[in-house]
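This is final.txt. It holds compact mmCIF, C-alpha atoms and all ligand atoms.
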# COMPACT_ATOMS: atom_id res chain seq x y z
CA MET A 1 0.00 0.00 0.00
CA LEU A 2 2.82 2.40 0.82
CA LYS A 3 5.22 0.84 -1.70
CA ASP A 4 6.85 3.51 -3.89
CA LYS A 5 4.77 6.26 -2.28
CA LYS A 6 6.81 9.45 -2.09
CA ILE A 7 6.42 10.80 1.40
CA ILE A 8 7.85 13.98 2.92
CA ILE A 9 8.22 13.84 6.68
CA GLY A 10 8.50 17.32 8.17
CA VAL A 11 10.08 17.19 11.61
CA THR A 12 9.78 20.16 13.96
CA GLY A 13 11.34 20.99 17.32
CA SER A 14 9.54 18.80 19.83
CA ILE A 15 10.72 16.06 22.13
CA ALA A 16 8.34 13.77 20.21
CA ALA A 17 10.85 13.98 17.32
CA TYR A 18 12.38 10.81 18.80
CA LYS A 19 9.26 8.96 17.61
CA VAL A 20 10.04 9.88 14.02
CA SER A 21 12.93 7.36 13.94
CA PRO A 22 10.62 4.32 14.26
CA LEU A 23 8.11 6.04 11.96
CA VAL A 24 10.69 6.44 9.19
CA ARG A 25 11.90 2.87 9.75
CA LEU A 26 8.36 1.54 9.38
CA LEU A 27 7.81 3.58 6.21
CA ILE A 28 11.04 2.25 4.70
CA LYS A 29 10.01 -1.28 5.68
CA GLU A 30 6.80 -0.67 3.73
CA GLU A 31 9.03 0.36 0.77
CA ALA A 32 7.93 4.00 0.78
CA ILE A 33 10.35 6.64 -0.51
CA VAL A 34 10.96 9.03 2.36
CA GLN A 35 12.40 12.54 2.26
CA VAL A 36 12.91 14.07 5.70
CA ILE A 37 12.85 17.84 6.09
CA MET A 38 13.80 19.17 9.52
CA THR A 39 13.31 22.65 10.93
CA PRO A 40 16.47 24.10 12.54
CA ALA A 41 14.85 23.58 15.97
CA ALA A 42 14.29 19.88 15.25
CA HIS A 43 18.11 19.41 15.17
CA ASP A 44 18.13 19.97 18.94
CA PHE A 45 16.03 16.87 19.46
CA VAL A 46 17.21 14.34 16.86
CA THR A 47 20.23 14.37 14.60
CA PRO A 48 19.99 14.70 10.82
CA LEU A 49 22.44 11.81 10.61
CA THR A 50 19.94 9.49 12.33
CA MET A 51 17.16 10.55 9.97
CA ALA A 52 19.39 10.36 6.89
CA THR A 53 20.58 6.88 7.83
CA LEU A 54 17.07 5.59 8.45
CA SER A 55 15.51 7.18 5.36
CA GLY A 56 18.47 6.52 3.06
CA GLN A 57 18.37 10.15 1.85
CA PRO A 58 20.20 13.27 3.00
CA VAL A 59 18.04 15.35 5.32
CA LEU A 60 17.02 18.80 4.11
CA THR A 61 16.88 21.85 6.38
CA GLU A 62 18.35 24.85 4.60
CA PRO A 63 16.83 26.33 1.48
CA PHE A 64 20.31 26.78 0.06
CA ASN A 65 23.93 25.97 0.79
CA PRO A 66 25.68 29.21 1.90
CA VAL A 67 29.06 27.92 0.65
CA ASP A 68 28.27 26.97 -2.95
CA GLY A 69 24.81 28.58 -3.33
CA ASP A 70 23.29 25.22 -4.28
CA TRP A 71 19.59 25.47 -3.41
CA THR A 72 16.79 23.10 -2.71
CA SER A 73 13.60 23.77 -4.60
CA HIS A 74 10.63 23.65 -2.25
CA VAL A 75 8.41 23.87 -5.34
CA GLU A 76 9.90 20.70 -6.78
CA LEU A 77 9.62 18.95 -3.42
CA GLY A 78 5.98 20.02 -3.17
CA LEU A 79 5.29 18.60 -6.63
CA TRP A 80 7.31 15.42 -6.03
CA ALA A 81 5.49 14.20 -2.92
CA ASP A 82 2.43 11.95 -2.86
CA LEU A 83 1.90 12.94 0.76
CA MET A 84 3.42 15.32 3.29
CA LEU A 85 3.29 14.51 6.99
CA ILE A 86 4.37 17.04 9.57
CA ALA A 87 5.25 15.02 12.65
CA PRO A 88 5.72 16.13 15.31
CA ALA A 89 3.99 19.42 14.57
CA THR A 90 4.69 22.00 17.28
CA ALA A 91 2.31 24.82 18.22
CA ASN A 92 4.79 27.20 16.61
CA THR A 93 4.87 25.40 13.25
CA LEU A 94 1.06 24.95 13.26
CA ALA A 95 0.66 28.69 13.81
CA LYS A 96 3.05 29.46 10.98
CA MET A 97 1.31 27.01 8.65
CA ALA A 98 -2.08 28.53 9.49
CA GLY A 99 -0.73 32.05 9.02
CA GLY A 100 1.16 31.45 5.79
CA ILE A 101 4.57 32.20 7.32
CA ALA A 102 7.37 30.72 5.25
CA ASP A 103 10.61 31.20 7.15
CA ASN A 104 12.13 27.74 6.71
CA LEU A 105 12.29 24.99 4.11
CA LEU A 106 9.61 22.89 5.79
CA LEU A 107 7.14 25.79 5.64
CA THR A 108 7.93 26.82 2.06
CA THR A 109 7.51 23.19 1.04
CA TYR A 110 4.20 23.02 2.93
CA LEU A 111 2.95 26.10 1.09
CA SER A 112 4.03 24.62 -2.25
CA ALA A 113 2.68 21.12 -1.62
CA LYS A 114 0.14 19.90 -4.16
CA CYS A 115 -0.35 16.64 -2.28
CA PRO A 116 -2.50 15.85 0.78
CA VAL A 117 -0.96 17.13 4.00
CA PHE A 118 -1.31 15.40 7.37
CA PHE A 119 -0.11 16.88 10.65
CA ALA A 120 0.44 15.16 13.98
CA PRO A 121 0.63 17.74 16.80
CA ALA A 122 2.80 17.18 19.86
CA MET A 123 2.90 19.63 22.72
CA ASP A 124 2.09 20.17 26.35
CA LEU A 125 -1.60 19.89 27.27
CA ASP A 126 -2.11 23.59 28.00
CA MET A 127 -0.52 24.56 24.70
CA TYR A 128 -2.72 22.04 22.91
CA ARG A 129 -5.94 23.28 24.46
CA HIS A 130 -5.05 26.96 24.14
CA PRO A 131 -7.65 28.74 21.97
CA THR A 132 -4.92 29.91 19.58
CA THR A 133 -3.75 26.38 18.90
CA LYS A 134 -7.34 25.17 18.55
CA GLN A 135 -8.09 27.93 16.08
CA ASN A 136 -4.95 27.20 14.07
CA ILE A 137 -5.79 23.50 13.89
CA GLU A 138 -9.34 24.31 12.76
CA LYS A 139 -7.99 26.67 10.13
CA LEU A 140 -5.60 24.02 8.81
CA GLN A 141 -8.45 21.51 8.67
CA SER A 142 -10.57 24.01 6.76
CA PHE A 143 -7.73 24.16 4.20
CA GLY A 144 -8.16 20.41 3.81
CA ASN A 145 -5.12 19.40 5.89
CA GLN A 146 -5.72 16.25 7.90
CA LEU A 147 -5.25 16.21 11.66
CA ILE A 148 -3.73 13.13 13.27
CA ALA A 149 -4.95 13.93 16.74
CA PRO A 150 -2.59 13.60 19.69
CA THR A 151 -3.42 11.04 22.35
CA GLU A 152 -3.78 11.47 26.10
CA GLY A 153 -1.15 10.30 28.55
CA GLU A 154 1.92 11.37 30.44
CA LEU A 155 3.72 14.21 28.71
CA ALA A 156 7.41 15.11 28.75
CA SER A 157 6.62 17.86 31.29
CA GLY A 158 5.31 15.23 33.71
CA LEU A 159 1.77 16.54 33.28
CA CYS A 160 -0.96 14.24 32.08
CA GLY A 161 -3.39 15.04 29.27
CA ALA A 162 -3.83 15.39 25.51
CA GLY A 163 -0.71 16.33 23.59
CA ARG A 164 1.24 13.11 22.99
CA MET A 165 2.02 12.61 19.33
CA GLU A 166 0.16 9.58 17.93
CA GLU A 167 2.22 6.35 18.00
CA PRO A 168 4.19 5.55 14.79
CA GLU A 169 2.32 2.25 14.20
CA ASN A 170 -1.03 4.07 14.30
CA ILE A 171 0.24 6.82 11.99
CA ILE A 172 1.30 4.15 9.51
CA ASN A 173 -2.20 2.62 9.68
CA ILE A 174 -3.80 6.03 9.05
CA LEU A 175 -1.57 6.58 6.00
CA LYS A 176 -2.30 3.07 4.71
CA GLU A 177 -6.03 3.67 5.11
CA PHE A 178 -5.68 6.97 3.29
CA PHE A 179 -3.90 5.36 0.33
CA THR A 180 -6.49 2.55 0.25
CA LYS A 181 -9.68 4.56 0.62
CA GLY A 182 -8.39 7.72 -0.97
CA TRP A 183 -9.39 11.16 0.05
CA ASP A 184 -12.84 11.69 -1.25
CA PHE A 185 -13.85 14.98 0.32
CA PRO A 186 -10.74 17.16 0.72
CA ALA A 187 -11.69 20.46 2.38
CA LYS A 188 -15.37 19.86 1.64
CA LYS A 189 -17.62 21.35 4.28
CA ILE A 190 -19.93 18.65 5.54
CA MET A 191 -22.85 19.21 7.88
CA VAL A 192 -24.45 16.20 9.56
CA THR A 193 -27.28 16.23 12.09
CA ALA A 194 -27.87 13.42 14.55
CA GLY A 195 -29.85 12.24 17.54
CA PRO A 196 -33.23 13.20 18.90
CA THR A 197 -34.56 16.58 19.98
CA PHE A 198 -36.11 17.16 23.40
CA GLU A 199 -39.08 19.51 23.56
CA ALA A 200 -39.56 20.93 27.03
CA ILE A 201 -42.98 20.67 28.73
CA ASP A 202 -41.82 22.18 32.02
CA PRO A 203 -38.39 22.54 33.71
CA VAL A 204 -38.08 18.78 34.30
CA ARG A 205 -40.12 17.08 31.56
CA PHE A 206 -39.83 16.86 27.80
CA ILE A 207 -41.14 15.08 24.72
CA GLY A 208 -38.34 13.12 23.08
CA ASN A 209 -37.74 10.04 20.95
CA HIS A 210 -35.55 6.95 20.97
CA SER A 211 -32.95 8.09 18.43
CA SER A 212 -29.48 7.14 19.72
CA GLY A 213 -27.54 9.28 17.23
CA LEU A 214 -25.45 6.25 16.14
CA MET A 215 -26.24 6.60 12.43
CA GLY A 216 -25.38 10.32 12.27
CA PHE A 217 -22.19 9.94 14.32
CA ALA A 218 -21.05 7.06 12.09
CA ILE A 219 -21.67 9.14 8.95
CA ALA A 220 -19.83 12.14 10.42
CA ASN A 221 -16.84 9.92 11.30
CA GLU A 222 -16.78 8.37 7.84
CA PHE A 223 -16.72 11.80 6.18
CA ALA A 224 -13.96 12.98 8.53
CA GLU A 225 -11.86 9.89 7.78
CA ARG A 226 -12.15 10.70 4.08
CA GLY A 227 -10.88 14.25 4.44
CA GLY A 228 -14.14 16.18 5.00
CA ASP A 229 -14.33 19.22 7.26
CA VAL A 230 -17.24 18.03 9.37
CA THR A 231 -19.69 19.88 11.60
CA LEU A 232 -21.95 17.53 13.52
CA ILE A 233 -25.07 19.09 15.02
CA SER A 234 -26.48 16.69 17.55
CA GLY A 235 -29.39 16.47 19.93
CA PRO A 236 -28.81 14.83 23.34
CA THR A 237 -26.95 11.51 22.96
CA ALA A 238 -24.43 9.48 24.94
CA LEU A 239 -21.93 9.49 22.06
CA ASN A 240 -18.59 11.22 21.60
CA ALA A 241 -17.53 12.66 18.26
CA ALA A 242 -14.11 11.74 16.89
CA GLU A 243 -11.39 14.33 17.37
CA GLY A 244 -11.36 16.83 14.54
CA ILE A 245 -15.16 16.90 14.14
CA ASN A 246 -16.77 20.18 15.13
CA LEU A 247 -19.57 19.01 17.46
CA VAL A 248 -22.42 21.43 18.10
CA GLY A 249 -24.72 20.20 20.87
CA VAL A 250 -28.38 21.24 20.82
CA THR A 251 -31.48 20.19 22.73
CA SER A 252 -34.68 21.32 21.02
CA ALA A 253 -35.89 21.40 17.42
CA ASP A 254 -35.69 25.18 17.57
CA GLU A 255 -32.02 25.07 18.64
CA MET A 256 -31.29 22.52 15.93
CA HIS A 257 -32.93 24.80 13.38
CA LYS A 258 -30.74 27.74 14.48
CA ALA A 259 -27.51 25.69 14.44
CA CYS A 260 -28.35 24.25 11.01
CA MET A 261 -29.10 27.65 9.53
CA GLU A 262 -25.83 29.04 10.91
CA ASN A 263 -23.87 26.31 9.14
CA PHE A 264 -26.01 25.70 6.07
CA GLU A 265 -24.74 28.40 3.74
CA GLU A 266 -21.14 27.29 3.72
CA ALA A 267 -21.91 23.54 3.69
CA ASP A 268 -21.21 21.59 0.49
CA ILE A 269 -22.92 18.41 1.66
CA ILE A 270 -25.72 18.22 4.23
CA VAL A 271 -26.94 14.96 5.73
CA MET A 272 -29.98 15.20 8.02
CA THR A 273 -30.19 12.04 10.11
CA ALA A 274 -31.62 13.77 13.19
CA ALA A 275 -35.02 12.67 14.43
CA VAL A 276 -36.29 16.23 14.82
CA ALA A 277 -39.58 16.56 16.71
CA ASP A 278 -42.41 17.55 14.38
CA TYR A 279 -44.33 19.15 17.26
CA THR A 280 -43.36 21.06 20.38
CA PRO A 281 -45.49 22.27 23.33
CA GLU A 282 -47.23 25.57 22.59
CA SER A 283 -45.86 26.93 25.83
CA VAL A 284 -43.36 25.71 28.41
CA ALA A 285 -44.56 25.85 32.01
CA GLU A 286 -42.21 27.95 34.12
CA GLU A 287 -42.64 25.72 37.16
CA LYS A 288 -42.96 21.95 37.40
CA ILE A 289 -46.55 21.04 36.55
CA LYS A 290 -48.30 19.57 39.59
CA LYS A 291 -50.54 16.57 39.10
CA SER A 292 -54.25 16.95 39.59
CA GLY A 293 -56.90 14.33 39.36
CA ASP A 294 -58.05 15.68 36.00
CA ARG A 295 -57.24 14.63 32.47
CA MET A 296 -54.37 16.66 31.12
CA VAL A 297 -54.27 18.10 27.62
CA LEU A 298 -50.98 19.23 26.15
CA LYS A 299 -51.27 21.63 23.24
CA LEU A 300 -48.58 21.24 20.60
CA LYS A 301 -47.55 23.42 17.68
CA PRO A 302 -45.56 22.33 14.63
CA THR A 303 -41.79 22.86 14.57
CA LYS A 304 -39.98 24.25 11.54
CA ASP A 305 -39.12 21.61 8.95
CA ILE A 306 -35.39 22.25 8.73
CA LEU A 307 -34.78 19.96 5.78
CA ALA A 308 -37.61 21.48 3.74
CA GLU A 309 -36.27 24.98 4.45
CA MET A 310 -32.80 23.95 3.30
CA GLY A 311 -34.30 22.37 0.17
CA LYS A 312 -35.85 25.74 -0.68
CA LYS A 313 -32.65 27.69 0.01
CA LYS A 314 -30.28 25.20 -1.63
CA LYS A 315 -27.76 26.69 -4.08
CA PRO A 316 -26.24 24.88 -7.07
CA GLY A 317 -23.37 22.74 -5.85
CA GLN A 318 -24.95 21.96 -2.48
CA PHE A 319 -25.93 18.31 -1.99
CA LEU A 320 -28.83 17.63 0.37
CA VAL A 321 -29.59 14.25 1.94
CA GLY A 322 -32.62 13.44 4.06
CA PHE A 323 -33.73 10.41 6.02
CA ALA A 324 -37.19 8.93 5.99
CA LEU A 325 -38.52 6.65 8.67
CA GLU A 326 -41.63 5.01 7.32
CA THR A 327 -43.91 2.28 8.58
CA GLU A 328 -46.31 2.06 5.61
CA ASP A 329 -46.10 2.77 1.86
CA ALA A 330 -42.43 3.29 2.57
CA VAL A 331 -41.09 3.93 -0.94
CA THR A 332 -44.04 6.10 -2.03
CA ASN A 333 -43.78 8.23 1.12
CA ALA A 334 -40.01 8.51 0.86
CA GLU A 335 -40.28 9.58 -2.79
CA LYS A 336 -42.80 12.26 -1.79
CA LYS A 337 -40.38 13.62 0.81
CA LEU A 338 -37.53 13.51 -1.70
CA LYS A 339 -39.57 15.60 -4.13
CA ASN A 340 -41.29 17.97 -1.70
CA LYS A 341 -38.11 18.75 0.26
CA LYS A 342 -36.04 19.08 -2.97
CA LEU A 343 -33.47 16.50 -1.88
CA ASP A 344 -30.65 14.96 -3.90
CA LEU A 345 -30.88 11.67 -2.02
CA ILE A 346 -33.16 10.11 0.57
CA VAL A 347 -32.23 7.24 2.86
CA LEU A 348 -35.26 5.20 3.75
CA ASN A 349 -35.48 2.90 6.73
CA SER A 350 -38.33 1.21 8.46
CA PRO A 351 -38.48 0.33 12.15
CA LYS A 352 -40.66 -2.60 11.08
CA ASP A 353 -37.63 -4.29 9.49
CA GLU A 354 -35.97 -6.56 12.02
CA GLY A 355 -32.70 -5.03 13.25
CA ALA A 356 -33.50 -1.59 11.84
CA ALA A 357 -35.10 0.07 14.86
CA PHE A 358 -33.94 3.00 16.98
CA GLY A 359 -31.19 2.28 19.46
CA VAL A 360 -29.80 -0.85 17.76
CA GLU A 361 -26.40 -1.10 16.10
CA THR A 362 -27.73 -2.27 12.75
CA ASN A 363 -29.85 -0.74 10.02
CA LYS A 364 -31.38 -1.73 6.70
CA VAL A 365 -31.80 1.04 4.19
CA THR A 366 -32.96 1.80 0.67
CA MET A 367 -31.44 4.85 -1.01
CA ILE A 368 -33.44 6.78 -3.60
CA THR A 369 -31.83 9.40 -5.81
CA LYS A 370 -33.59 12.50 -7.09
CA ASP A 371 -34.33 10.74 -10.37
CA PHE A 372 -35.97 7.97 -8.33
CA GLN A 373 -33.26 5.34 -8.80
CA GLN A 374 -33.54 2.88 -5.93
CA THR A 375 -30.75 0.85 -4.32
CA LYS A 376 -31.67 -1.64 -1.61
CA TYR A 377 -29.06 -2.67 0.94
CA ASP A 378 -28.90 -5.66 3.32
CA LEU A 379 -29.12 -5.42 7.07
CA LYS A 380 -25.71 -4.15 8.21
CA LEU A 381 -23.93 -2.55 11.14
CA LYS A 382 -24.65 1.19 11.17
CA LEU A 383 -20.88 1.72 10.73
CA ASP A 384 -21.10 -0.15 7.41
CA VAL A 385 -24.36 1.57 6.42
CA ALA A 386 -22.46 4.86 6.94
CA ILE A 387 -19.82 3.68 4.44
CA ASP A 388 -22.56 2.84 1.88
CA ILE A 389 -24.20 6.25 2.37
CA VAL A 390 -20.92 8.16 2.05
CA ASP A 391 -19.97 6.07 -1.01
CA LYS A 392 -23.31 6.91 -2.63
CA ILE A 393 -22.90 10.62 -1.84
CA LYS A 394 -19.41 10.51 -3.34
CA GLU A 395 -20.72 8.83 -6.49
CA LEU A 396 -23.45 11.46 -6.91
CA SER A 397 -21.82 14.65 -5.65
CA VAL A 398 -18.10 14.72 -6.32
N1 LIG B 401 -36.65 16.85 9.51
C1 LIG B 401 -36.26 18.16 9.68
N2 LIG B 401 -37.00 18.99 10.47
C2 LIG B 401 -38.11 18.57 11.06
C3 LIG B 401 -38.53 17.24 10.88
C4 LIG B 401 -37.77 16.40 10.10
O1 LIG B 401 -35.24 18.57 9.13
N3 LIG B 401 -38.81 19.41 11.83
C5 LIG B 401 -35.84 15.97 8.64
C6 LIG B 401 -35.25 14.74 9.31
O2 LIG B 401 -33.96 15.00 9.81
C7 LIG B 401 -35.20 13.74 8.17
C8 LIG B 401 -36.36 14.14 7.28
O3 LIG B 401 -36.70 15.49 7.65
O4 LIG B 401 -34.03 13.87 7.39
C9 LIG B 401 -37.59 13.28 7.39
O5 LIG B 401 -38.17 13.36 8.61
P1 LIG B 401 -39.62 12.75 8.93
O6 LIG B 401 -39.96 13.15 10.31
O7 LIG B 401 -39.64 11.31 8.59
O8 LIG B 401 -40.51 13.46 7.84
P2 LIG B 401 -41.67 14.44 7.97
O9 LIG B 401 -41.57 15.32 6.79
O10 LIG B 401 -41.66 15.06 9.30
O11 LIG B 401 -42.94 13.52 7.74
P3 LIG B 401 -43.71 12.45 8.68
O12 LIG B 401 -43.21 12.63 10.07
O13 LIG B 401 -45.11 12.80 8.48
O14 LIG B 401 -43.34 11.13 8.10

Let me see the file written as structure tokens.
Ligand code: CTP
Amino acid sequence: MLKDKKIIIGVTGSIAAYKVSPLVRLLIKEEAIVQVIMTPAAHDFVTPLTMATLSGQPVLTEPFNPVDGDWTSHVELGLWADLMLIAPATANTLAKMAGGIADNLLLTTYLSAKCPVFFAPAMDLDMYRHPTTKQNIEKLQSFGNQLIAPTEGELASGLCGAGRMEEPENIINILKEFFTKGWDFPAKKIMVTAGPTFEAIDPVRFIGNHSSGLMGFAIANEFAERGGDVTLISGPTALNAAEGINLVGVTSADEMHKACMENFEEADIIVMTAAVADYTPESVAEEKIKKSGDRMVLKLKPTKDILAEMGKKKKPGQFLVGFALETEDAVTNAEKKLKNKKLDLIVLNSPKDEGAAFGVETNKVTMITKDFQQTKYDLKLKLDVAIDIVDKIKELSV
């Protein structure tokens, strides 16, 4: 998978640079062609001789040789590579990459790179969670650069937390997966909704539904793994989004509507898996409603149909996917929704199908395109259904 792949490893000045030795060794074992570029600060942590010996190529640091004027073309390097990986990526280098600063060979090569760029941050936990670093990482992701998130554990400072560069074996697996699956959605803005909404009746009670959010989270993860810049808007669930996904938590249909509208305009692909309440109480009691012996009537009003609103506002180039949960006349009803809400694709599922209900790990879907082409799928794990859905979106949208 990595055989003959031309890979630039950009090493910056972090103690995690020691992990680049096994990383380069593993790449060479996989028969990749590795060119190491080191920042001047990286020399303090690992020697160019080590890197040159392991990679079988002289290490590059200076843009030119001050003695004979011989210079290294960052443009050629940027064109040569199939992939550039900056590992470890310090807060300083991330900030420079995000800001377009080009004061060393690694940075000029990064700016010239035509290939996919991955970066594996390594730093102390407070540096990693600093808003500046977070913003820089988000900016780099919005350029289509792929984050290899640091892991949690003991750091060189003795503190414990997120900031450890990912282990070389795992980085190799990520690169292998990338070269196998490809990068289908580089820098594409993807918006996915997931989970239920809770509509308050009083301060302690609500109307909700059984949606677990599994399907939406799996789709969001799949997009992120394929290079998408993903915003996941989710109602209350027990799930965690993968690192690198921008998770926006909401509770009610109204909040979901607001969050969706805030993100809709810049989204290239929108997938609405959320089980949004169709009705909400007309008014929310300020205090907990006391029981009385009488019958109780709860007045409900319709919520805004977010998907239908997006269908109306959709611009050319935006791809809109809805879900339909139907118990009777499934295909006819789904096709009506597809048409009325001006969707590009609808994913139909029925809780009547065994293994396709709320809260289970499997699902059985039929996908219908806007020209009413149907594809039926077998009962599968929701993780695999997510792959089918993302594959279909790729086929139709990219
Ligand atoms: N949806 C939405 N906003 C709502 C209700 C639903 O965006 N207020 C979206 C869901 O996320 C889903 C699709 O619309 O992608 C279909 O939802 P569904 O509730 O099945 O369709 P409805 O049009 O509400 O029709 P019905 O409930 O009568 O089947």

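Within 10 Å of the point (-21.4, 9.3, 22.3), counting only C-alpha atoms, the protein and nucleic acid residues come to Ser212, Gly213, Leu214, Phe217, Pro236, Thr237, Ala238, Leu239, Asn240, Ala241 and Ala242 of chain A.
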
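Minimum distance to Met272 in chain A across A:Ile306, A:Leu175, A:Ile207, A:Leu140 (counting only C-alpha atoms) occurs at A:Ile306.
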
Can you tell me which residues sit at most 10 Å away from ligand LIG 401 (chain B), counting only C-alpha atoms and all ligand atoms, written as number ranges by chain?
A: 192-197, 253-254, 256-257, 260, 270-280, 302-311, 320-328, 330, 333-334, 336-338, 340-341, 343, 346-349

Taking 4 positions as the minimum chain separation for residues in the same chain, which residues sit within 6 Å of Thr151 in chain A when counting all atoms listed in the file? Answer as a list in words.
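Returned residues: Ala162, Arg164 and Glu166 of chain A.
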
Write to file, as a compact mmCIF listing (two decimals), in the frame of the given file, the residues of the selection just made, with C-alpha atoms.
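Once written, result_3.txt looks like this:
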# COMPACT_ATOMS: atom_id res chain seq x y z
CA ALA A 162 -3.83 15.39 25.51
CA ARG A 164 1.24 13.11 22.99
CA GLU A 166 0.16 9.58 17.93

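When all atoms listed in the file are used to compute distances to Ser283 in chain A, the closest of the residues A:Pro203, A:Gly216, A:Pro168, A:Gly13 turns out to be A:Pro203.
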
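Atom pair CA of Lys352 in chain A / CA of Lys339 in chain A: separated by 23.7 Å.
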
I'd like the contact shell of Leu383 in chain A - 9 Å cut-off, all atoms listed in the file, skipping same-chain residues fewer than 5 positions apart - returned as a short mmCIF file (atom, residue, chain, number, x, y, z; two decimals) with C-alpha atoms, keeping the file's coordinate frame.
data_model
loop_
_atom_site.label_atom_id
_atom_site.label_comp_id
_atom_site.auth_asym_id
_atom_site.auth_seq_id
_atom_site.Cartn_x
_atom_site.Cartn_y
_atom_site.Cartn_z
CA LEU A 214 -25.45 6.25 16.14
CA MET A 215 -26.24 6.60 12.43
CA ALA A 218 -21.05 7.06 12.09
CA ILE A 219 -21.67 9.14 8.95
CA GLU A 222 -16.78 8.37 7.84
CA GLU A 361 -26.40 -1.10 16.10
CA THR A 362 -27.73 -2.27 12.75
#

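For the pair CA of Glu266 in chain A and CA of Gln373 in chain A, the interatomic distance is 28.0 Å.
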
CA of Glu177 in chain A and CA of Asn145 in chain A, how far apart in Å?
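Computing the Euclidean distance for CA of Asn145 in chain A and CA of Glu177 in chain A yields 15.8 Å.
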
12 Å contact set for Asn173 in chain A, all atoms listed in the file, chain neighbours under 6 positions out, as a PDB file with C-alpha atoms, keeping the file's coordinate frame:
ATOM      1  CA  MET A   1       0.000   0.000   0.000  1.00  0.00           C
ATOM      2  CA  LEU A   2       2.820   2.400   0.820  1.00  0.00           C
ATOM      3  CA  LEU A  23       8.110   6.040  11.960  1.00  0.00           C
ATOM      4  CA  LEU A  26       8.360   1.540   9.380  1.00  0.00           C
ATOM      5  CA  LEU A  27       7.810   3.580   6.210  1.00  0.00           C
ATOM      6  CA  GLU A  30       6.800  -0.670   3.730  1.00  0.00           C
ATOM      7  CA  ILE A 148      -3.730  13.130  13.270  1.00  0.00           C
ATOM      8  CA  GLU A 166       0.160   9.580  17.930  1.00  0.00           C
ATOM      9  CA  GLU A 167       2.220   6.350  18.000  1.00  0.00           C
ATOM     10  CA  PHE A 179      -3.900   5.360   0.330  1.00  0.00           C
ATOM     11  CA  THR A 180      -6.490   2.550   0.250  1.00  0.00           C
ATOM     12  CA  LYS A 181      -9.680   4.560   0.620  1.00  0.00           C
TER      13      LYS A 181
END

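Here the question is which of A:Asp294, A:Glu138, A:Asp4, A:Glu199 gets nearest to Thr251 in chain A using all atoms listed in the file, and that residue is A:Glu199.
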
Around all the atoms of range 24-41 of chain A listed in the file, with 6 Å of room on each side, what axis-aligned box do you get, giving centre and edge lengths in Å to one decimal, as lines of an AutoDock Vina configuration file?
center_x = 11.6
center_y = 11.4
center_z = 7.7
size_x = 21.7
size_y = 37.4
size_z = 28.5

Pick from A:Phe223, A:Ile190, A:Met367, A:Gly355: nearest to Leu379 in chain A, with all atoms listed in the file counted?
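When distances to Leu379 in chain A are compared using all atoms listed in the file, the smallest one comes from A:Gly355.
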
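Of the listed residues A:Pro131, A:Pro22, A:Gly78, A:Gly208, the one whose atoms come nearest to Tyr110 in chain A is A:Gly78, with distances taken using all atoms listed in the file.
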